[in-house]
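Student: File model_14.pdb follows (PDB, C-alpha atoms, pLDDT in the B column):
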ATOM      1  CA  MET A   1      64.280  -3.929 -83.007  1.00 86.00           C
ATOM      2  CA  LYS A   2      64.034  -7.637 -82.253  1.00 88.00           C
ATOM      3  CA  GLN A   3      64.394  -7.035 -78.507  1.00 90.00           C
ATOM      4  CA  GLU A   4      61.673  -4.357 -78.600  1.00 85.00           C
ATOM      5  CA  LEU A   5      59.460  -6.756 -80.545  1.00 86.00           C
ATOM      6  CA  MET A   6      60.025  -9.559 -78.041  1.00 88.00           C
ATOM      7  CA  ASN A   7      59.078  -7.246 -75.147  1.00 86.00           C
ATOM      8  CA  GLN A   8      55.572  -6.689 -76.548  1.00 86.00           C
ATOM      9  CA  PRO A   9      52.544  -8.557 -75.170  1.00 86.00           C
ATOM     10  CA  VAL A  10      51.224  -9.365 -78.691  1.00 86.00           C
ATOM     11  CA  ILE A  11      53.237 -10.300 -81.808  1.00 91.00           C
ATOM     12  CA  GLN A  12      51.765 -11.038 -85.235  1.00 93.00           C
ATOM     13  CA  ALA A  13      53.737 -13.246 -87.652  1.00 95.00           C
ATOM     14  CA  ASP A  14      53.525 -14.398 -91.266  1.00 96.00           C
ATOM     15  CA  GLU A  15      55.556 -17.019 -93.143  1.00 96.00           C
ATOM     16  CA  THR A  16      55.671 -16.641 -96.931  1.00 94.00           C
ATOM     17  CA  ALA A  17      57.276 -19.153 -99.309  1.00 94.00           C
ATOM     18  CA  LEU A  18      59.155 -17.697-102.307  1.00 89.00           C
ATOM     19  CA  LYS A  19      60.598 -19.383-105.393  1.00 90.00           C
ATOM     20  CA  VAL A  20      64.298 -18.678-106.050  1.00 83.00           C
ATOM     21  CA  ASN A  21      65.279 -17.361-109.487  1.00 81.00           C
ATOM     22  CA  ARG A  22      69.026 -16.692-109.160  1.00 77.00           C
ATOM     23  CA  ASP A  23      71.126 -16.848-105.999  1.00 78.00           C
ATOM     24  CA  GLY A  24      73.461 -19.812-106.543  1.00 80.00           C
ATOM     25  CA  ARG A  25      70.829 -22.468-105.851  1.00 81.00           C
ATOM     26  CA  SER A  26      68.868 -24.310-108.517  1.00 83.00           C
ATOM     27  CA  THR A  27      66.018 -22.349-110.113  1.00 82.00           C
ATOM     28  CA  GLY A  28      62.690 -23.026-108.432  1.00 85.00           C
ATOM     29  CA  SER A  29      64.159 -23.745-104.977  1.00 88.00           C
ATOM     30  CA  THR A  30      61.942 -22.564-102.131  1.00 90.00           C
ATOM     31  CA  SER A  31      63.020 -19.819 -99.725  1.00 90.00           C
ATOM     32  CA  TYR A  32      61.034 -18.378 -96.842  1.00 92.00           C
ATOM     33  CA  MET A  33      60.435 -14.861 -95.584  1.00 93.00           C
ATOM     34  CA  TRP A  34      59.122 -14.287 -92.071  1.00 95.00           C
ATOM     35  CA  VAL A  35      57.534 -10.980 -91.105  1.00 95.00           C
ATOM     36  CA  TYR A  36      56.841 -10.047 -87.476  1.00 94.00           C
ATOM     37  CA  MET A  37      54.844  -7.043 -86.254  1.00 93.00           C
ATOM     38  CA  THR A  38      53.859  -5.806 -82.832  1.00 88.00           C
ATOM     39  CA  GLY A  39      50.168  -5.956 -82.064  1.00 80.00           C
ATOM     40  CA  GLU A  40      50.366  -2.827 -79.910  1.00 68.00           C
ATOM     41  CA  HIS A  41      51.953   0.561 -80.488  1.00 65.00           C
ATOM     42  CA  ASP A  42      55.194   1.044 -78.571  1.00 60.00           C
ATOM     43  CA  SER A  43      55.645   3.912 -76.107  1.00 65.00           C
ATOM     44  CA  GLY A  44      56.545   6.263 -79.000  1.00 69.00           C
ATOM     45  CA  GLY A  45      53.340   5.452 -80.894  1.00 73.00           C
ATOM     46  CA  HIS A  46      55.091   3.322 -83.553  1.00 78.00           C
ATOM     47  CA  LYS A  47      54.750  -0.303 -84.585  1.00 86.00           C
ATOM     48  CA  VAL A  48      57.790  -2.554 -84.894  1.00 88.00           C
ATOM     49  CA  ILE A  49      57.916  -4.497 -88.185  1.00 91.00           C
ATOM     50  CA  LEU A  50      60.765  -6.964 -88.628  1.00 93.00           C
ATOM     51  CA  TYR A  51      61.557  -8.911 -91.834  1.00 93.00           C
ATOM     52  CA  ASP A  52      63.667 -12.059 -91.522  1.00 89.00           C
TER      53      ASP A  52
END
When written as structure tokens, how does the structure in this file appear?

Tutor:
Amino acid sequence: MKQELMNQPVIQADETALKVNRDGRSTGSTSYMWVYMTGEHDSGGHKVILYD
């Protein structure tokens, strides 16, 4: 999916900060989620959406 995404002429991206509740780190630590989406439909008529 990432390779298909990188082959597109337009990519949209969003960075969202999240507060950690429980994952081994101290409560309230900041984590990040990045979401990428193609700006154009691929040859099959679908969009690629990738969460990282």

Student: Emit as lines of an AutoDock Vina configuration file the padded axis-aligned box for all listed atoms of segment 14-25 of chain A, 3 Å per side, with centre and edge lengths in Å to one decimal.

Tutor:
center_x = 63.5
center_y = -18.4
center_z = -100.4
size_x = 25.9
size_y = 14.1
size_z = 24.2

Student: Between atom CA of Gly45 of chain A and atom CA of Tyr32 of chain A, what distance in Å does the model show, to one decimal?

Tutor: 29.7 Å

Student: Could you give me, as a list in words, the residues that sit within 12 Å of (54.7, -2.1, -79.2) in the file's coordinates, counting all atoms listed in the file?

Tutor: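 Returned residue set, sorted by chain then number, is Met1, Lys2, Gln3, Glu4, Leu5, Met6, Asn7, Gln8, Pro9, Val10, Ile11, Gln12, Tyr36, Met37, Thr38, Gly39, Glu40, His41, Asp42, Ser43, Gly44, Gly45, His46, Lys47, Val48 and Ile49 of chain A.
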
Student: Could you pull the residues within 7 Å of Asp52 of chain A, counting all atoms listed in the file, minus those fewer than 5 positions along the same chain, as a PyMOL selection string?

Tutor: chain A and resi 33-35

Student: Suppose you want the space between atom CA of Ser31 of chain A and atom CA of Thr16 of chain A; what is it in Å?

Tutor: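 Computed distance, atom CA of Ser31 of chain A to atom CA of Thr16 of chain A, equals 8.5 Å.
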
Student: Give as a tab-separated table (two decimals) with C-alpha atoms, in the coordinates of the input the residues that the PyMOL selection byres ((chain A and resi 30) around 10) matches when applied to the coordinates above.

Tutor:
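Output file selection_33.tsv follows:
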chain	number	residue	atom	x	y	z
A	17	ALA	CA	57.28	-19.15	-99.31
A	18	LEU	CA	59.16	-17.70	-102.31
A	19	LYS	CA	60.60	-19.38	-105.39
A	20	VAL	CA	64.30	-18.68	-106.05
A	21	ASN	CA	65.28	-17.36	-109.49
A	25	ARG	CA	70.83	-22.47	-105.85
A	26	SER	CA	68.87	-24.31	-108.52
A	27	THR	CA	66.02	-22.35	-110.11
A	28	GLY	CA	62.69	-23.03	-108.43
A	29	SER	CA	64.16	-23.74	-104.98
A	31	SER	CA	63.02	-19.82	-99.72
A	32	TYR	CA	61.03	-18.38	-96.84
